[in-house]
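Shown next: run-v2.txt, containing compact mmCIF, C-alpha atoms.
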# COMPACT_ATOMS: atom_id res chain seq x y z
CA MET A 1 13.80 -2.37 -36.54
CA THR A 2 11.41 -2.53 -33.62
CA THR A 3 8.27 -0.52 -34.25
CA ARG A 4 5.80 0.95 -31.83
CA GLU A 5 3.33 -1.78 -32.81
CA ASP A 6 5.93 -4.48 -32.05
CA ILE A 7 6.45 -3.12 -28.57
CA GLU A 8 2.72 -2.81 -27.96
CA ASP A 9 2.31 -6.40 -29.02
CA MET A 10 5.12 -7.53 -26.72
CA ILE A 11 3.59 -5.73 -23.73
CA GLN A 12 0.24 -7.35 -24.43
CA ARG A 13 1.83 -10.78 -24.65
CA VAL A 14 3.82 -10.17 -21.46
CA ALA A 15 0.46 -9.60 -19.77
CA LEU A 16 -0.37 -13.18 -20.84
CA HIS A 17 2.93 -14.41 -19.36
CA ASP A 18 4.56 -15.13 -22.70
CA ARG A 19 8.20 -15.66 -21.78
CA ALA A 20 9.55 -15.11 -25.28
CA ALA A 21 7.71 -11.80 -25.49
CA PHE A 22 9.08 -10.79 -22.09
CA GLU A 23 12.65 -11.41 -23.20
CA ALA A 24 12.06 -9.69 -26.52
CA LEU A 25 10.61 -6.69 -24.71
CA TYR A 26 13.65 -6.61 -22.45
CA SER A 27 16.05 -6.73 -25.34
CA ALA A 28 14.18 -4.01 -27.27
CA THR A 29 13.67 -1.58 -24.40
CA SER A 30 16.05 -2.26 -21.50
CA ALA A 31 18.85 -0.02 -22.82
CA LYS A 32 16.47 2.89 -23.18
CA LEU A 33 15.03 2.38 -19.70
CA PHE A 34 18.47 1.79 -18.17
CA GLY A 35 19.60 5.09 -19.72
CA ILE A 36 16.68 6.92 -18.11
CA ILE A 37 17.18 5.31 -14.70
CA LEU A 38 20.91 5.99 -14.81
CA ARG A 39 20.26 9.62 -15.75
CA VAL A 40 18.08 10.00 -12.65
CA LEU A 41 20.14 7.98 -10.17
CA LYS A 42 23.68 8.47 -11.52
CA ASP A 43 24.63 5.25 -9.75
CA ARG A 44 25.07 2.00 -11.65
CA ALA A 45 24.32 -0.51 -8.92
CA ALA A 46 21.15 1.25 -7.80
CA SER A 47 20.09 1.64 -11.43
CA GLU A 48 20.47 -2.08 -12.06
CA ASP A 49 18.26 -2.76 -9.06
CA VAL A 50 15.59 -0.40 -10.28
CA LEU A 51 15.71 -1.79 -13.82
CA GLN A 52 15.19 -5.23 -12.38
CA GLU A 53 12.21 -3.98 -10.37
CA VAL A 54 10.67 -2.39 -13.44
CA TYR A 55 10.72 -5.57 -15.54
CA LEU A 56 9.69 -7.84 -12.69
CA ARG A 57 6.78 -5.55 -12.04
CA LEU A 58 5.76 -5.67 -15.71
CA TRP A 59 5.83 -9.44 -15.62
CA GLN A 60 3.88 -9.61 -12.38
CA GLY A 61 0.84 -7.80 -13.64
CA GLY A 62 2.11 -4.34 -14.57
CA ALA A 63 1.83 -5.12 -18.28
CA GLU A 64 -1.91 -5.66 -17.86
CA THR A 65 -2.40 -2.02 -16.97
CA PHE A 66 -1.18 -0.85 -20.37
CA SER A 67 -4.01 0.38 -22.57
CA SER A 68 -3.01 0.27 -26.19
CA GLY A 69 -3.89 3.12 -28.50
CA LYS A 70 -3.97 5.58 -25.65
CA ALA A 71 -0.38 5.78 -24.63
CA SER A 72 2.80 5.40 -26.63
CA PRO A 73 4.24 2.13 -25.32
CA ILE A 74 7.75 3.48 -25.02
CA SER A 75 6.55 6.62 -23.21
CA TRP A 76 4.55 4.37 -20.93
CA LEU A 77 7.61 2.26 -20.13
CA ALA A 78 9.75 5.38 -19.77
CA THR A 79 7.26 6.77 -17.24
CA ILE A 80 7.42 3.63 -15.13
CA ALA A 81 11.22 3.60 -15.25
CA ARG A 82 11.45 7.29 -14.37
CA ASN A 83 8.94 7.00 -11.52
CA ARG A 84 10.65 4.00 -9.99
CA ALA A 85 14.02 5.73 -10.28
CA ILE A 86 12.67 8.87 -8.59
CA ASP A 87 11.24 6.70 -5.81
CA ARG A 88 14.65 5.19 -5.24
CA LEU A 89 16.30 8.60 -5.41
CA ARG A 90 14.03 9.91 -2.66
CA ARG A 91 14.96 7.02 -0.43
CA ILE A 92 18.67 7.74 -0.76
CA LYS A 93 18.57 11.50 -1.24
CA PRO A 94 19.07 12.65 2.37
CA SER A 95 22.52 11.05 2.40
CA ARG A 96 23.52 12.60 -0.84
CA GLN A 97 24.28 16.01 -2.30
CA LEU A 98 22.97 15.98 -5.83
CA ASP A 99 24.72 19.25 -6.65
CA ASP A 100 28.05 17.54 -6.17
CA VAL A 101 27.34 14.98 -8.86
CA PRO A 102 28.63 16.08 -12.24
CA GLU A 103 26.12 16.18 -15.07
CA MET A 104 26.39 13.13 -17.24
CA VAL A 105 27.36 13.69 -20.82
CA GLU A 106 24.46 12.80 -23.04
CA PRO A 107 25.57 11.67 -26.46
CA GLY A 108 23.11 11.61 -29.33
CA PRO A 109 20.52 8.87 -29.42
CA GLY A 110 21.77 5.47 -30.55
CA PRO A 111 20.03 3.16 -32.98
CA GLU A 112 17.78 1.75 -30.28
CA ALA A 113 16.55 5.17 -29.27
CA SER A 114 15.63 6.06 -32.82
CA ALA A 115 13.94 2.73 -33.23
CA VAL A 116 11.53 3.60 -30.49
CA ALA A 117 11.38 7.33 -31.09
CA SER A 118 8.15 9.02 -30.24
CA SER A 119 6.34 10.98 -32.94
CA GLU A 120 5.86 13.71 -30.37
CA ARG A 121 9.61 14.03 -30.07
CA ALA A 122 11.01 17.41 -29.17
CA ARG A 123 7.57 18.95 -28.94
CA ILE A 124 7.97 19.41 -25.23
CA ASP A 125 11.41 20.93 -25.73
CA ALA A 126 10.01 23.57 -28.06
CA CYS A 127 7.25 24.28 -25.57
CA LEU A 128 9.62 24.43 -22.60
CA ASP A 129 11.70 26.92 -24.59
CA GLU A 130 8.68 29.23 -24.67
CA LEU A 131 8.75 29.40 -20.86
CA ASN A 132 10.90 31.63 -18.69
CA PRO A 133 14.24 29.73 -18.57
CA ASN A 134 14.16 29.37 -14.79
CA ARG A 135 10.76 27.76 -14.93
CA ALA A 136 11.71 25.44 -17.74
CA ALA A 137 14.73 24.44 -15.64
CA ALA A 138 12.42 23.83 -12.69
CA VAL A 139 10.18 21.52 -14.75
CA ARG A 140 13.19 19.61 -16.08
CA GLY A 141 14.67 19.44 -12.58
CA ALA A 142 11.46 17.98 -11.22
CA TYR A 143 11.31 15.38 -13.97
CA LEU A 144 14.88 14.15 -13.95
CA ASP A 145 16.20 15.06 -10.51
CA GLY A 146 13.05 14.43 -8.52
CA ASP A 147 12.82 17.98 -7.18
CA THR A 148 9.67 18.66 -5.19
CA TYR A 149 8.12 22.08 -4.66
CA ALA A 150 10.07 22.29 -1.40
CA ASP A 151 13.38 21.54 -3.16
CA LEU A 152 12.70 24.00 -5.96
CA ALA A 153 11.63 26.78 -3.60
CA GLY A 154 14.96 26.33 -1.81
CA ARG A 155 17.00 26.27 -4.98
CA PHE A 156 15.40 29.38 -6.50
CA ASP A 157 15.16 31.04 -3.10
CA VAL A 158 11.46 31.90 -3.27
CA PRO A 159 8.62 31.03 -0.89
CA LEU A 160 6.98 27.67 -1.53
CA ASN A 161 3.66 29.21 -2.52
CA THR A 162 5.35 31.45 -5.05
CA MET A 163 7.07 28.44 -6.55
CA ARG A 164 3.76 26.64 -6.71
CA THR A 165 2.04 29.54 -8.48
CA TRP A 166 4.96 29.91 -10.93
CA LEU A 167 5.02 26.26 -11.79
CA ARG A 168 1.28 25.88 -12.12
CA ARG A 169 1.27 28.72 -14.63
CA SER A 170 4.16 27.14 -16.47
CA LEU A 171 2.40 23.78 -16.57
CA MET A 172 -0.74 25.41 -17.96
CA SER A 173 1.24 27.17 -20.68
CA LEU A 174 3.05 23.94 -21.40
CA LYS A 175 -0.18 22.07 -21.88
CA ASP A 176 -1.60 24.83 -24.08
CA CYS A 177 1.50 24.76 -26.23
CA MET A 178 1.59 20.98 -26.51
CA THR A 179 -2.06 20.64 -27.45
CA ARG A 180 -1.92 23.55 -29.88
CA MET B 1 -1.76 33.87 -17.55
CA ASP B 2 -4.31 33.48 -14.77
CA ILE B 3 -5.19 30.05 -13.53
CA PRO B 4 -8.89 29.32 -14.03
CA GLU B 5 -10.33 28.09 -10.77
CA ASP B 6 -12.85 25.56 -12.06
CA ASP B 7 -12.74 21.99 -10.77
CA PHE B 8 -11.37 20.51 -13.97
CA SER B 9 -8.42 22.89 -14.10
CA ARG B 10 -7.69 22.35 -10.45
CA ASP B 11 -7.72 18.57 -10.94
CA ASP B 12 -5.65 18.87 -14.09
CA MET B 13 -3.00 20.90 -12.25
CA LEU B 14 -2.99 18.44 -9.37
CA ALA B 15 -2.58 15.61 -11.89
CA ALA B 16 0.38 17.45 -13.44
CA GLU B 17 1.95 17.96 -10.03
CA LEU B 18 1.53 14.31 -9.11
CA SER B 19 2.87 13.12 -12.46
CA LEU B 20 5.89 15.37 -12.25
CA GLY B 21 6.53 14.41 -8.63
CA LEU B 22 6.29 17.90 -7.15
CA LEU B 23 4.11 16.90 -4.24
CA SER B 24 5.34 15.69 -0.89
CA GLY B 25 3.93 14.76 2.49
CA GLU B 26 0.18 14.59 2.94
CA ASP B 27 -0.53 16.20 -0.47
CA LEU B 28 1.31 13.32 -2.13
CA VAL B 29 -0.46 10.63 -0.12
CA GLN B 30 -3.87 12.12 -0.90
CA ALA B 31 -3.21 12.59 -4.60
CA GLU B 32 -1.86 9.04 -4.98
CA ARG B 33 -4.85 7.61 -3.21
CA ARG B 34 -7.12 9.54 -5.52
CA ALA B 35 -5.30 8.36 -8.64
CA ARG B 36 -5.91 4.79 -7.50
CA ILE B 37 -9.62 5.12 -6.95
CA ASP B 38 -10.76 7.97 -9.25
CA ARG B 39 -10.60 6.84 -12.86
CA VAL B 40 -11.08 10.31 -14.38
CA PHE B 41 -8.31 11.76 -12.26
CA GLY B 42 -6.10 8.74 -13.02
CA ASP B 43 -6.55 9.44 -16.73
CA LEU B 44 -5.49 13.06 -16.28
CA VAL B 45 -2.33 11.84 -14.54
CA GLU B 46 -1.68 9.42 -17.39
CA ASP B 47 -2.08 12.21 -19.96
CA TRP B 48 0.54 14.23 -18.12
CA ASP B 49 2.79 11.18 -17.82
CA MET B 50 2.75 10.96 -21.61
CA ARG B 51 3.55 14.65 -22.02
CA PHE B 52 6.43 14.62 -19.56
CA ALA B 53 7.80 11.34 -20.92
CA GLN B 54 8.98 13.25 -23.96
CA MET B 55 11.66 14.75 -21.74
CA SER B 56 13.25 11.30 -21.69
CA ASP B 57 13.31 10.99 -25.50
CA ASP B 58 16.77 12.45 -25.78
CA ILE B 59 18.37 10.38 -23.04
CA ALA B 60 20.85 8.03 -24.64
CA PRO B 61 20.30 4.30 -24.15
CA VAL B 62 22.85 2.46 -22.04
CA THR B 63 23.10 -1.31 -22.40
CA PRO B 64 22.56 -2.96 -19.00
CA PRO B 65 25.05 -5.60 -17.80
CA LYS B 66 24.79 -8.99 -19.44
CA GLY B 67 23.55 -11.11 -16.54
CA LEU B 68 20.67 -8.87 -15.60
CA LEU B 69 17.98 -10.45 -17.76
CA ARG B 70 18.92 -13.80 -16.26
CA LYS B 71 18.54 -12.43 -12.75
CA ILE B 72 15.14 -11.05 -13.67
CA THR B 73 13.87 -14.24 -15.26
CA ASN B 74 15.15 -16.28 -12.30
CA GLU B 75 12.96 -14.14 -10.08
CA ALA B 76 10.07 -14.11 -12.49
CA TYR B 77 9.75 -17.61 -13.87
CA PRO B 78 10.38 -20.50 -11.53
CA ASP B 79 7.32 -21.64 -9.66
CA SER B 80 9.03 -20.67 -6.48
CA PRO B 81 7.36 -19.69 -3.23
CA LYS B 82 8.08 -16.10 -4.13
CA ARG B 83 5.55 -16.09 -6.90
CA LEU B 84 2.68 -16.15 -4.43
CA TRP B 85 3.92 -13.07 -2.70
CA GLN B 86 4.51 -11.29 -5.89
CA GLN B 87 0.96 -11.78 -7.03
CA LEU B 88 -0.37 -10.03 -3.99
CA GLY B 89 0.60 -6.50 -4.97
CA ILE B 90 -2.30 -5.08 -6.91
CA LEU B 91 -1.23 -1.57 -7.69
CA PRO B 92 -1.52 -0.02 -11.12
CA ALA B 93 1.78 0.57 -12.84
CA PHE B 94 0.60 4.09 -13.44
CA LEU B 95 1.22 6.05 -10.31
CA GLY B 96 3.25 9.14 -9.82
CA ALA B 97 6.56 8.59 -8.11
CA GLY B 98 5.36 7.03 -4.87
CA ALA B 99 4.10 4.03 -3.11
CA ALA B 100 4.16 1.37 -5.80
CA ALA B 101 7.90 0.90 -5.83
CA LEU B 102 8.05 0.69 -2.09
CA VAL B 103 5.59 -2.16 -2.23
CA LEU B 104 7.64 -3.95 -4.83
CA PHE B 105 10.80 -3.38 -2.84
CA ALA B 106 9.16 -4.91 0.21
CA THR B 107 7.96 -7.82 -1.89
CA LEU B 108 11.48 -8.54 -3.04
CA GLN B 109 12.74 -8.44 0.53
CA ILE B 110 10.13 -10.79 1.85
CA GLY B 111 10.67 -12.85 -1.29
CA ILE B 112 14.16 -13.47 -0.04
CA LEU B 113 12.94 -14.33 3.44
CA MET B 114 10.47 -16.78 2.02
CA GLN B 115 12.79 -18.41 -0.44
CA ALA B 116 13.39 -21.64 1.43
CA ASN B 117 9.86 -22.74 2.24
CA ALA B 118 6.59 -22.50 0.40
CA PRO B 119 3.81 -21.07 2.54
CA THR B 120 1.07 -23.49 3.61
CA PHE B 121 -1.46 -20.74 4.11
CA GLU B 122 -1.60 -17.14 3.08
CA ALA B 123 -3.93 -14.21 3.38
CA GLN B 124 -4.21 -10.83 1.83
CA ILE B 125 -5.78 -8.60 4.44
CA ALA B 126 -7.08 -5.54 2.64
CA ALA B 127 -9.34 -2.59 3.31
CA GLU B 128 -12.16 -2.26 0.80
CA ASP B 129 -10.57 0.73 -0.93
CA GLU B 130 -7.13 -0.92 -0.68
CA SER B 131 -5.87 1.99 1.41
CA ILE B 132 -4.50 -0.68 3.74
CA ILE B 133 -3.03 -3.97 2.55
CA VAL B 134 -1.34 -6.48 4.82
CA ALA B 135 0.00 -9.78 3.56
CA ALA B 136 0.43 -12.85 5.74
CA ALA B 137 1.94 -16.25 5.00
CA PHE B 138 2.33 -19.25 7.27
CA VAL B 139 5.06 -21.82 6.67
CA GLU B 140 4.22 -25.19 8.23
CA ASP B 141 7.82 -26.41 8.58
CA SER B 142 8.88 -23.47 10.70
CA GLY B 143 5.55 -22.74 12.39
CA VAL B 144 6.14 -19.08 11.60
CA LEU B 145 3.55 -16.66 10.32
CA SER B 146 5.25 -13.83 8.39
CA VAL B 147 3.27 -10.65 8.12
CA GLU B 148 4.05 -7.68 5.95
CA TRP B 149 2.44 -4.25 6.28
CA ARG B 150 2.36 -3.41 2.58
CA VAL B 151 0.20 -0.36 2.01
CA GLY B 152 -1.23 2.23 4.36
CA ASP B 153 -0.24 4.80 6.95
CA ARG B 154 0.39 3.80 10.54
CA VAL B 155 -1.15 6.06 13.15
CA GLU B 156 1.13 7.74 15.66
CA GLY B 157 0.52 6.56 19.23
CA ARG B 158 -1.64 3.57 18.17
CA ASP B 159 -0.88 -0.06 17.45
CA VAL B 160 -2.25 -2.48 14.89
CA GLU B 161 -3.26 -5.93 16.15
CA LEU B 162 -3.67 -9.04 14.04
CA TRP B 163 -6.61 -11.39 14.67
CA LEU B 164 -7.51 -14.88 13.60
CA ILE B 165 -11.19 -15.61 13.27
CA ALA B 166 -11.91 -19.30 12.82
CA ASP B 167 -15.24 -20.56 11.66
CA GLY B 168 -17.55 -18.14 13.41
CA ASN B 169 -15.55 -18.12 16.67
CA ALA B 170 -14.54 -14.99 18.51
CA PRO B 171 -11.35 -13.35 17.19
CA VAL B 172 -8.13 -14.67 18.73
CA SER B 173 -5.22 -12.24 18.96
CA LEU B 174 -2.06 -13.24 17.09
CA GLY B 175 -0.21 -10.20 18.36
CA VAL B 176 0.69 -6.62 17.60
CA LEU B 177 2.45 -5.68 14.35
CA ASN B 178 5.90 -4.12 14.55
CA LYS B 179 6.04 -0.39 13.97
CA GLY B 180 9.60 0.35 12.93
CA THR B 181 9.65 -2.28 10.20
CA LYS B 182 7.07 -3.55 7.75
CA PHE B 183 7.70 -7.15 8.77
CA THR B 184 6.51 -9.04 11.81
CA GLU B 185 6.87 -12.75 12.53
CA PHE B 186 4.67 -14.73 14.89
CA ALA B 187 5.29 -18.24 16.14
CA ILE B 188 2.01 -20.12 15.80
CA SER B 189 1.22 -22.85 18.32
CA GLN B 190 0.03 -26.30 17.20
CA ASP B 191 -3.48 -25.58 18.46
CA MET B 192 -3.70 -22.36 16.53
CA ARG B 193 -2.44 -23.97 13.31
CA ARG B 194 -5.60 -26.04 13.08
CA LEU B 195 -7.65 -22.88 13.04
CA LEU B 196 -5.93 -21.38 10.02
CA ALA B 197 -7.60 -23.44 7.29
CA GLY B 198 -10.73 -21.69 6.14
CA GLY B 199 -10.32 -18.92 8.69
CA VAL B 200 -10.18 -15.18 8.30
CA MET B 201 -7.54 -12.69 9.38
CA ALA B 202 -8.20 -9.12 10.33
CA VAL B 203 -6.25 -6.16 11.65
CA SER B 204 -7.67 -3.63 14.07
CA ASP B 205 -6.65 -0.25 15.39
CA GLU B 206 -5.74 -0.57 19.08
CA PRO B 207 -4.08 1.37 21.88
CA LEU B 208 -0.31 0.96 22.25
CA GLY B 209 0.52 -2.57 23.28
CA GLY B 210 -2.64 -3.98 21.81
CA SER B 211 -6.20 -4.51 22.95
CA PRO B 212 -6.46 -4.38 26.75
CA THR B 213 -9.47 -6.74 26.75
CA GLY B 214 -8.32 -9.61 24.55
CA ALA B 215 -10.97 -8.74 21.95
CA PRO B 216 -10.73 -6.04 19.27
CA THR B 217 -11.62 -2.65 20.77
CA GLY B 218 -10.90 -0.32 17.84
CA THR B 219 -11.88 -0.08 14.18
CA ILE B 220 -11.39 -3.19 12.06
CA LEU B 221 -9.04 -1.79 9.42
CA ALA B 222 -8.88 -4.68 6.97
CA VAL B 223 -10.03 -8.28 6.59
CA GLY B 224 -8.83 -11.18 4.43
CA GLN B 225 -9.69 -14.80 3.84
CA ILE B 226 -6.97 -17.37 4.57
CA THR B 227 -6.27 -19.57 1.58
CA ALA B 228 -4.09 -22.63 1.08
CA GLY B 229 -0.66 -21.62 -0.29
Could the structure of this file be written out as structure tokens, please?
Amino acid sequence: MTTREDIEDMIQRVALHDRAAFEALYSATSAKLFGIILRVLKDRAASEDVLQEVYLRLWQGGAETFSSGKASPISWLATIARNRAIDRLRRIKPSRQLDDVPEMVEPGPGPEASAVASSERARIDACLDELNPNRAAAVRGAYLDGDTYADLAGRFDVPLNTMRTWLRRSLMSLKDCMTR
Amino acid sequence: MDIPEDDFSRDDMLAAELSLGLLSGEDLVQAERRARIDRVFGDLVEDWDMRFAQMSDDIAPVTPPKGLLRKITNEAYPDSPKRLWQQLGILPAFLGAGAAALVLFATLQIGILMQANAPTFEAQIAAEDESIIVAAAFVEDSGVLSVEWRVGDRVEGRDVELWLIADGNAPVSLGVLNKGTKFTEFAISQDMRRLLAGGVMAVSDEPLGGSPTGAPTGTILAVGQITAG
């Protein structure tokens, strides 16, 4: 089983251009990251492109920006994957109606997911559940569908400033709850 | 709950908004710039990244297609001309959804353009705060200087002109950078080629069509040393 320490170690060795570590990191984490990218983009070919970008970027200096001890390595990788996927989504979004895309079925986590599970797991879910359901949906929509304030204001049919005030309050509550 | 209006809370909320990707337009550009140069703010963004990343915990892994690792290592390993380009991008991996991927995307594109020939000379022309980064590479065989506008906003109604400054001489114009695309190619004459070694490249802000005088008239936006490829 791949532990958090293993992955941290791999990232640090990737920063030193250790090819074996790079391939080991890919084999331990690519399925998780591909799952995240696919969830955001819902398009296999584009997701493969983005996954490729993510690992190339790690090899080309990205791994050096990881500070161990501070961030969970898998959360760190997940953030990069999600951000790059959202970037790609925004480039293609105008030509695409996200609402027309059916939600993907999300089966339970496989062995790889549990291998890299975060100790913080589900904490954010519990905290999001404490929010007004619309606002929790807005936070989730922003994270996984790349919704901006402008998108969310349109979807919930409220003025942009109202949406901003709502969400800022929700984010404050979320932080309070998660650091409780 | 009321939002406290102290500076920390305001920054913390902005960091959350950047991390989550709620910002757009000028707000996004400003916040990303700040995350690059303001360490404390960057850390706040990273803290939020870690909080939000938990939302991806429950996403099921999907095994990527078999050949993908091979494709990645082919790009990453061989000591191909591409490697030089790839080293030029100096952006932290930790940015909210934004500019970093665009830079990488551009790198891959120019990587393909550059595949056949290794550059003889290259330059990274960067503003001090890295708000503008332009990469240039000259390939001897073709006599072509390829220039990529990598980071920075172009100003409406103005042009950016590229200059070669050789050994204390006055700047010589290489031409105006394209606006619609990040890439511009210049054919470099034999005489000019001799000036590249040890020279400096710079880009300046100029009226449309370039400097009317033949010398830079506007602000020098970024400067970079030319190095052997």
For this session: Find the residues of chain A in contact range of chain B, meaning any atom within 6 Å when counting all atoms listed in the file, and list them as a ChimeraX atom specification.
Result: /A:31-32,34-35,52,62,75,79,83-84,87,109,143,148-149
Exercise. Quick one: distance from CA of Tyr26 (chain A) to CA of Leu51 (chain A) in Å, one decimal?
Worked result: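 If I compute the distance from CA of Tyr26 (chain A) to CA of Leu51 (chain A), I get 10.1 Å.
Using only C-alpha atoms, the smallest distance between any of B:Gly180, B:Ile165, B:Gly199, B:Val160 and Gly218 (chain B) comes from B:Val160.
Minimum atom-to-atom distances from B:Gly224, B:Pro216, B:Gly175, B:Gly157 to Ala136 (chain B) were compared using all atoms listed in the file, and the lowest value belongs to B:Gly224.
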For this session: For Leu221 (chain B), work out the shell of residues within 7 Å, counting all atoms listed in the file and skipping chain neighbours fewer than 3 positions away, then give it as a ChimeraX atom specification.
Result: /B:127,203-205
Seminar exercise, completed: What separates CA of Gly209 (chain B) and CA of Glu128 (chain B) is a distance of 25.8 Å
Problem set entry | Shell around Arg123 (chain A) at 9 Å using all atoms listed in the file, local window under 5 positions removed, as number ranges by chain | A: 128, 177-178; B: 54
For this session: Work out how far apart CA of Lys179 (chain B) and CA of Arg57 (chain A) are and give it in Å to one decimal.
Result: 26.5 Å
Exercise. Counting all atoms listed in the file, what is within 7 Å of Ile86 (chain A), bar same-chain residues fewer than 3 positions away, as JSON, numbers by chain?
Worked result: {"A": [40, 82, 83, 89, 90, 146], "B": [97]}
For this session: Show which residues sit within 8 Å of Gly210 (chain B), as a VMD selection string. Count all atoms listed in the file, and ignore same-chain residues fewer than 3 positions away.
Result: chain B and resid 159 to 161 175 to 176 206 to 207
Keeping only C-alpha atoms, write the selected residues to a file as an mmCIF file, in the coordinates of the input.
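And here is the file that came out, result_25.cif:
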data_model
loop_
_atom_site.group_PDB
_atom_site.id
_atom_site.type_symbol
_atom_site.label_atom_id
_atom_site.label_comp_id
_atom_site.auth_asym_id
_atom_site.auth_seq_id
_atom_site.Cartn_x
_atom_site.Cartn_y
_atom_site.Cartn_z
ATOM 1 C CA ASP B 159 -0.880 -0.060 17.450
ATOM 2 C CA VAL B 160 -2.250 -2.480 14.890
ATOM 3 C CA GLU B 161 -3.260 -5.930 16.150
ATOM 4 C CA GLY B 175 -0.210 -10.200 18.360
ATOM 5 C CA VAL B 176 0.690 -6.620 17.600
ATOM 6 C CA GLU B 206 -5.740 -0.570 19.080
ATOM 7 C CA PRO B 207 -4.080 1.370 21.880
#
Problem set entry | Pick from B:Gly25, B:Gln30, B:Arg194, B:Val45 nearest to Trp76 (chain A), counting all atoms listed in the file |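 Nearest to Trp76 (chain A): B:Val45.
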Incomplete region 209-222 of chain B filled out to N, CA, C and O atoms as a short mmCIF file (atom, residue, chain, number, x, y, z; two decimals), keeping the file's coordinate frame:
data_model
loop_
_atom_site.label_atom_id
_atom_site.label_comp_id
_atom_site.auth_asym_id
_atom_site.auth_seq_id
_atom_site.Cartn_x
_atom_site.Cartn_y
_atom_site.Cartn_z
N GLY B 209 0.42 -1.31 22.56
CA GLY B 209 0.52 -2.57 23.28
C GLY B 209 -0.59 -3.55 22.95
O GLY B 209 -0.54 -4.69 23.35
N GLY B 210 -1.58 -3.08 22.23
CA GLY B 210 -2.64 -3.98 21.81
C GLY B 210 -3.89 -3.85 22.67
O GLY B 210 -3.90 -3.14 23.68
N SER B 211 -4.91 -4.58 22.26
CA SER B 211 -6.20 -4.51 22.95
C SER B 211 -6.05 -4.88 24.42
O SER B 211 -5.45 -5.91 24.75
N PRO B 212 -6.57 -4.05 25.33
CA PRO B 212 -6.46 -4.38 26.75
C PRO B 212 -7.44 -5.48 27.17
O PRO B 212 -7.30 -6.05 28.24
N THR B 213 -8.42 -5.81 26.33
CA THR B 213 -9.47 -6.74 26.75
C THR B 213 -9.31 -8.14 26.17
O THR B 213 -9.99 -9.06 26.58
N GLY B 214 -8.42 -8.30 25.19
CA GLY B 214 -8.32 -9.61 24.55
C GLY B 214 -9.26 -9.74 23.36
O GLY B 214 -9.22 -10.74 22.65
N ALA B 215 -10.11 -8.77 23.14
CA ALA B 215 -10.97 -8.74 21.95
C ALA B 215 -10.73 -7.39 21.27
O ALA B 215 -10.29 -6.45 21.93
N PRO B 216 -10.97 -7.31 19.96
CA PRO B 216 -10.73 -6.04 19.27
C PRO B 216 -11.54 -4.92 19.91
O PRO B 216 -12.73 -5.10 20.19
N THR B 217 -10.90 -3.79 20.18
CA THR B 217 -11.62 -2.65 20.77
C THR B 217 -11.75 -1.50 19.78
O THR B 217 -12.61 -0.65 19.94
N GLY B 218 -10.87 -1.45 18.78
CA GLY B 218 -10.90 -0.32 17.84
C GLY B 218 -11.50 -0.73 16.50
O GLY B 218 -12.06 -1.81 16.35
N THR B 219 -11.35 0.17 15.53
CA THR B 219 -11.88 -0.08 14.18
C THR B 219 -11.19 -1.29 13.55
O THR B 219 -9.99 -1.47 13.68
N ILE B 220 -11.98 -2.12 12.88
CA ILE B 220 -11.39 -3.19 12.06
C ILE B 220 -10.91 -2.52 10.77
O ILE B 220 -11.71 -1.97 10.00
N LEU B 221 -9.61 -2.53 10.54
CA LEU B 221 -9.04 -1.79 9.42
C LEU B 221 -9.12 -2.58 8.11
O LEU B 221 -9.32 -2.01 7.05
N ALA B 222 -8.94 -3.88 8.20
CA ALA B 222 -8.88 -4.68 6.97
C ALA B 222 -9.12 -6.15 7.33
O ALA B 222 -8.81 -6.58 8.44
#
